[in-house]
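Everything below concerns the one structure shown next.
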Amino acid sequence: MLEKMGEFFDSRLDIYDEHQLTAIEGAREFYPFTASLLPTHPRARVLDLGCGTGLELEWYFRRNPTARVTGIDLAHGMLQALREKFRERDIELICGSYFEVPLGRNRFDAAVSVESLHHFTQEQKIALYRRVRDALAPDGYLILTDYFARTEEEEAQLRGELARLRREQGAGDDEPYHFDCPLTVPHETEALLAGGFASVEKLSSWGSTATLKARP
């Protein structure tokens with residue numbers, strides 16, 4: 001059964017951190033690696049899309065304790081857990097969809113998303129990436145660490161399975177449900193470029209997870 005996105009993650013809050021770090025290949029490497037790519041200058045402004053419990057932030061705040069982070073997530077319980085972890089840090093938390101929350105213009109030195117965007121279509125991502133690009137400072141950038149399909153056939157099969165489950169359960173397209181339907185790295189790159197980023201670079205990979213850096 002498909003579960004609504006926020007409800008899915010909140011119902012698994014007590015096992016989430018351990019699951020992410022032990023069940024995903026390379027997770028103990030890609031969370032600190034992602035953090036190492038974020039800006040280190042004092043009071044750096046970072047937008048975290050689908051922040052969850054802030055796993056990469058554990059490493060990031062060690063490197064830059066004065067960073068100002070805006071985190072957006074659909075799961076209220078996860079945001080509460082994140083707040084408990086980082087009570088002394090400068091964090092603004094927003095419970096909502098990053099497709100809908102206003103992001104502003106020229107506000108952030110960097111944006112980051114880890115293991116979140118693989119639940120959405122290329123079309124949805126293009127619209128989001130336009131808004132993220134506009135929210136970045138002129139020298140800002142996006143770090144995307146996510147789960148990617150290995151082939152176009154895998155991508156199409158997962159997308160078709162999600163469509164089938166939505167039909168069977170009467171789940172409308174306007175409600176986010178938890179189901180993994182990642183793009184391939186080339187298709188993700190296409191989405192980033194269509195969203196207005198000028199360059200996209202693949203920095204590293206661990207199994208099905210890879211890190212991309214996109215610059216306006």
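Here's how to read the names in the structure tokens: chain A, B, ... by the order shown, residue numbers from 1 in each chain, ligand numbers from 1 in the order shown.
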- Mind the document's chain letters and residue numbers, and return as a ChimeraX atom specification the residues of range 34-135 of chain A that DSSP labels helix (DSSP H, G or I). /A:34-36,55-63,76-85,117-119,122-135
Write the residues you've just listed into a file as an mmCIF file, in the first residue's frame, and include C-alpha atoms for each of them.
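File produced: again-v1.cif:
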```
data_model
loop_
_atom_site.group_PDB
_atom_site.id
_atom_site.type_symbol
_atom_site.label_atom_id
_atom_site.label_comp_id
_atom_site.auth_asym_id
_atom_site.auth_seq_id
_atom_site.Cartn_x
_atom_site.Cartn_y
_atom_site.Cartn_z
ATOM 1 C CA THR A 34 27.939 15.771 1.101
ATOM 2 C CA ALA A 35 28.570 17.880 4.201
ATOM 3 C CA SER A 36 32.152 18.484 3.103
ATOM 4 C CA LEU A 55 21.885 13.375 9.033
ATOM 5 C CA GLU A 56 24.318 15.312 6.822
ATOM 6 C CA LEU A 57 23.952 18.311 9.133
ATOM 7 C CA GLU A 58 25.622 16.344 11.924
ATOM 8 C CA TRP A 59 28.854 16.511 9.913
ATOM 9 C CA TYR A 60 28.200 19.947 8.482
ATOM 10 C CA PHE A 61 27.774 21.740 11.805
ATOM 11 C CA ARG A 62 31.075 20.258 12.979
ATOM 12 C CA ARG A 63 32.745 22.026 10.041
ATOM 13 C CA HIS A 76 6.582 16.998 11.366
ATOM 14 C CA GLY A 77 8.110 14.380 13.653
ATOM 15 C CA MET A 78 11.354 14.380 11.715
ATOM 16 C CA LEU A 79 11.633 18.133 12.048
ATOM 17 C CA GLN A 80 11.115 17.846 15.789
ATOM 18 C CA ALA A 81 13.909 15.264 15.982
ATOM 19 C CA LEU A 82 16.181 17.539 13.967
ATOM 20 C CA ARG A 83 15.473 20.446 16.297
ATOM 21 C CA GLU A 84 16.319 18.281 19.309
ATOM 22 C CA LYS A 85 19.663 17.348 17.758
ATOM 23 C CA LEU A 117 14.100 13.841 -4.611
ATOM 24 C CA HIS A 118 14.004 10.322 -6.065
ATOM 25 C CA HIS A 119 10.297 10.188 -5.262
ATOM 26 C CA GLN A 122 11.396 14.893 -14.033
ATOM 27 C CA GLU A 123 8.696 17.497 -14.744
ATOM 28 C CA GLN A 124 8.202 18.198 -11.045
ATOM 29 C CA LYS A 125 11.934 18.512 -10.545
ATOM 30 C CA ILE A 126 12.417 20.960 -13.416
ATOM 31 C CA ALA A 127 9.906 23.348 -11.829
ATOM 32 C CA LEU A 128 11.593 22.938 -8.432
ATOM 33 C CA TYR A 129 15.077 23.451 -9.832
ATOM 34 C CA ARG A 130 14.024 26.738 -11.411
ATOM 35 C CA ARG A 131 12.950 27.958 -7.982
ATOM 36 C CA VAL A 132 16.092 26.634 -6.283
ATOM 37 C CA ARG A 133 18.290 28.335 -8.870
ATOM 38 C CA ASP A 134 16.491 31.637 -8.260
ATOM 39 C CA ALA A 135 16.925 31.198 -4.499
#
```
- For Ser208 in chain A, please output as a ChimeraX atom specification all residues within 12 Å (counting only C-alpha atoms; exclusion window: fewer than 3 positions along the same chain). /A:24-27,30,115,118,145-151,154,182-185,204-205,211
- Which one of A:Lys4, A:Arg43, A:Lys213, A:Arg89 sits closest to His178 in chain A if you count only C-alpha atoms?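 The answer is A:Lys4, which sits nearest to His178 in chain A.
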- Query: Distance CA of Met5 in chain A-CA of Ala23 in chain A, one decimal place?
  - Reply: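 CA of Met5 in chain A sits 19.3 Å away from CA of Ala23 in chain A.
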- Could you pull the residues within 12 Å of Leu103 in chain A, counting only C-alpha atoms, minus those fewer than 2 positions along the same chain, as a PyMOL selection string? chain A and resi 46-49+70-72+94+96-101+105-108+111+128-136
- Task: Would you return as JSON, numbers by chain the members of range 122-165 of chain A that DSSP assigns to strand (DSSP E) on this structure's backbone?
- Result: {"A": [136, 137, 138, 139, 140, 141, 142, 143, 144, 145, 146, 147]}
- Residues within 10 Å of Ser11 in chain A, only C-alpha atoms, excluding chain neighbours under 3 positions, as a list of chain:residue names: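 Surrounding residues, per the criterion: A:Gly6, A:Glu7, A:Phe8, A:Asp14, A:Ile15, A:Tyr16, A:Ala75, A:Gly77, A:Met78.
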Mind writing the picked residues with N, CA and C atoms as a CSV table (one decimal), in the first residue's frame?
```csv
chain,number,residue,atom,x,y,z
A,6,GLY,N,4.7,12.3,4.3
A,6,GLY,CA,5.0,12.7,5.7
A,6,GLY,C,4.7,11.6,6.7
A,7,GLU,N,3.5,10.9,6.5
A,7,GLU,CA,3.1,9.9,7.4
A,7,GLU,C,4.0,8.7,7.4
A,8,PHE,N,4.5,8.3,6.2
A,8,PHE,CA,5.5,7.2,6.0
A,8,PHE,C,6.7,7.5,6.9
A,14,ASP,N,11.6,6.3,14.7
A,14,ASP,CA,12.4,5.7,15.7
A,14,ASP,C,13.5,4.8,15.1
A,15,ILE,N,13.4,4.4,13.8
A,15,ILE,CA,14.4,3.6,13.2
A,15,ILE,C,15.1,4.3,12.0
A,16,TYR,N,14.7,5.5,11.8
A,16,TYR,CA,15.1,6.2,10.5
A,16,TYR,C,16.6,6.4,10.4
A,75,ALA,N,7.5,15.8,7.0
A,75,ALA,CA,7.3,15.0,8.2
A,75,ALA,C,7.6,15.8,9.5
A,77,GLY,N,7.3,15.1,12.6
A,77,GLY,CA,8.1,14.4,13.7
A,77,GLY,C,9.6,14.4,13.4
A,78,MET,N,9.9,14.3,12.1
A,78,MET,CA,11.4,14.4,11.7
A,78,MET,C,11.9,15.8,12.0
```
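Reported to one decimal place, the separation of CA of Gly172 in chain A from CA of Gly160 in chain A is 14.9 Å.
Taking only C-alpha atoms into account, Thr40 in chain A lies nearest to A:Asp109 out of the set A:Asp180, A:Asp109, A:Asp73, A:Asp17.
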Shell of 10 Å around Ala44 in chain A, only C-alpha atoms, local chain residues under 6 positions omitted, as a PDB file with C-alpha atoms, in the first residue's frame:
```
ATOM      1  CA  LEU A  38      28.842  22.833   1.715  1.00  0.00           C
ATOM      2  CA  ASN A  64      30.692  25.212  10.196  1.00  0.00           C
ATOM      3  CA  PRO A  65      28.937  25.720  13.539  1.00  0.00           C
ATOM      4  CA  THR A  66      27.779  29.225  12.561  1.00  0.00           C
ATOM      5  CA  ALA A  67      25.943  28.140   9.404  1.00  0.00           C
ATOM      6  CA  ARG A  68      22.330  29.235   9.039  1.00  0.00           C
ATOM      7  CA  VAL A  69      20.199  26.365   7.741  1.00  0.00           C
ATOM      8  CA  PHE A 108      21.235  31.013  -0.045  1.00  0.00           C
ATOM      9  CA  ASP A 109      24.914  30.286  -0.546  1.00  0.00           C
ATOM     10  CA  ALA A 110      24.100  26.639  -1.227  1.00  0.00           C
TER      11      ALA A 110
END
```
- Nearest-residue call for Val112 in chain A, choices A:Cys181, A:Cys51, A:Leu2, A:Ala191, using only C-alpha atoms: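 Nearest to Val112 in chain A: A:Cys51.
Distances to Leu203 in chain A were evaluated for A:Leu165, A:Leu21, A:Leu74, A:Leu37 using only C-alpha atoms, and the minimum falls at A:Leu37.
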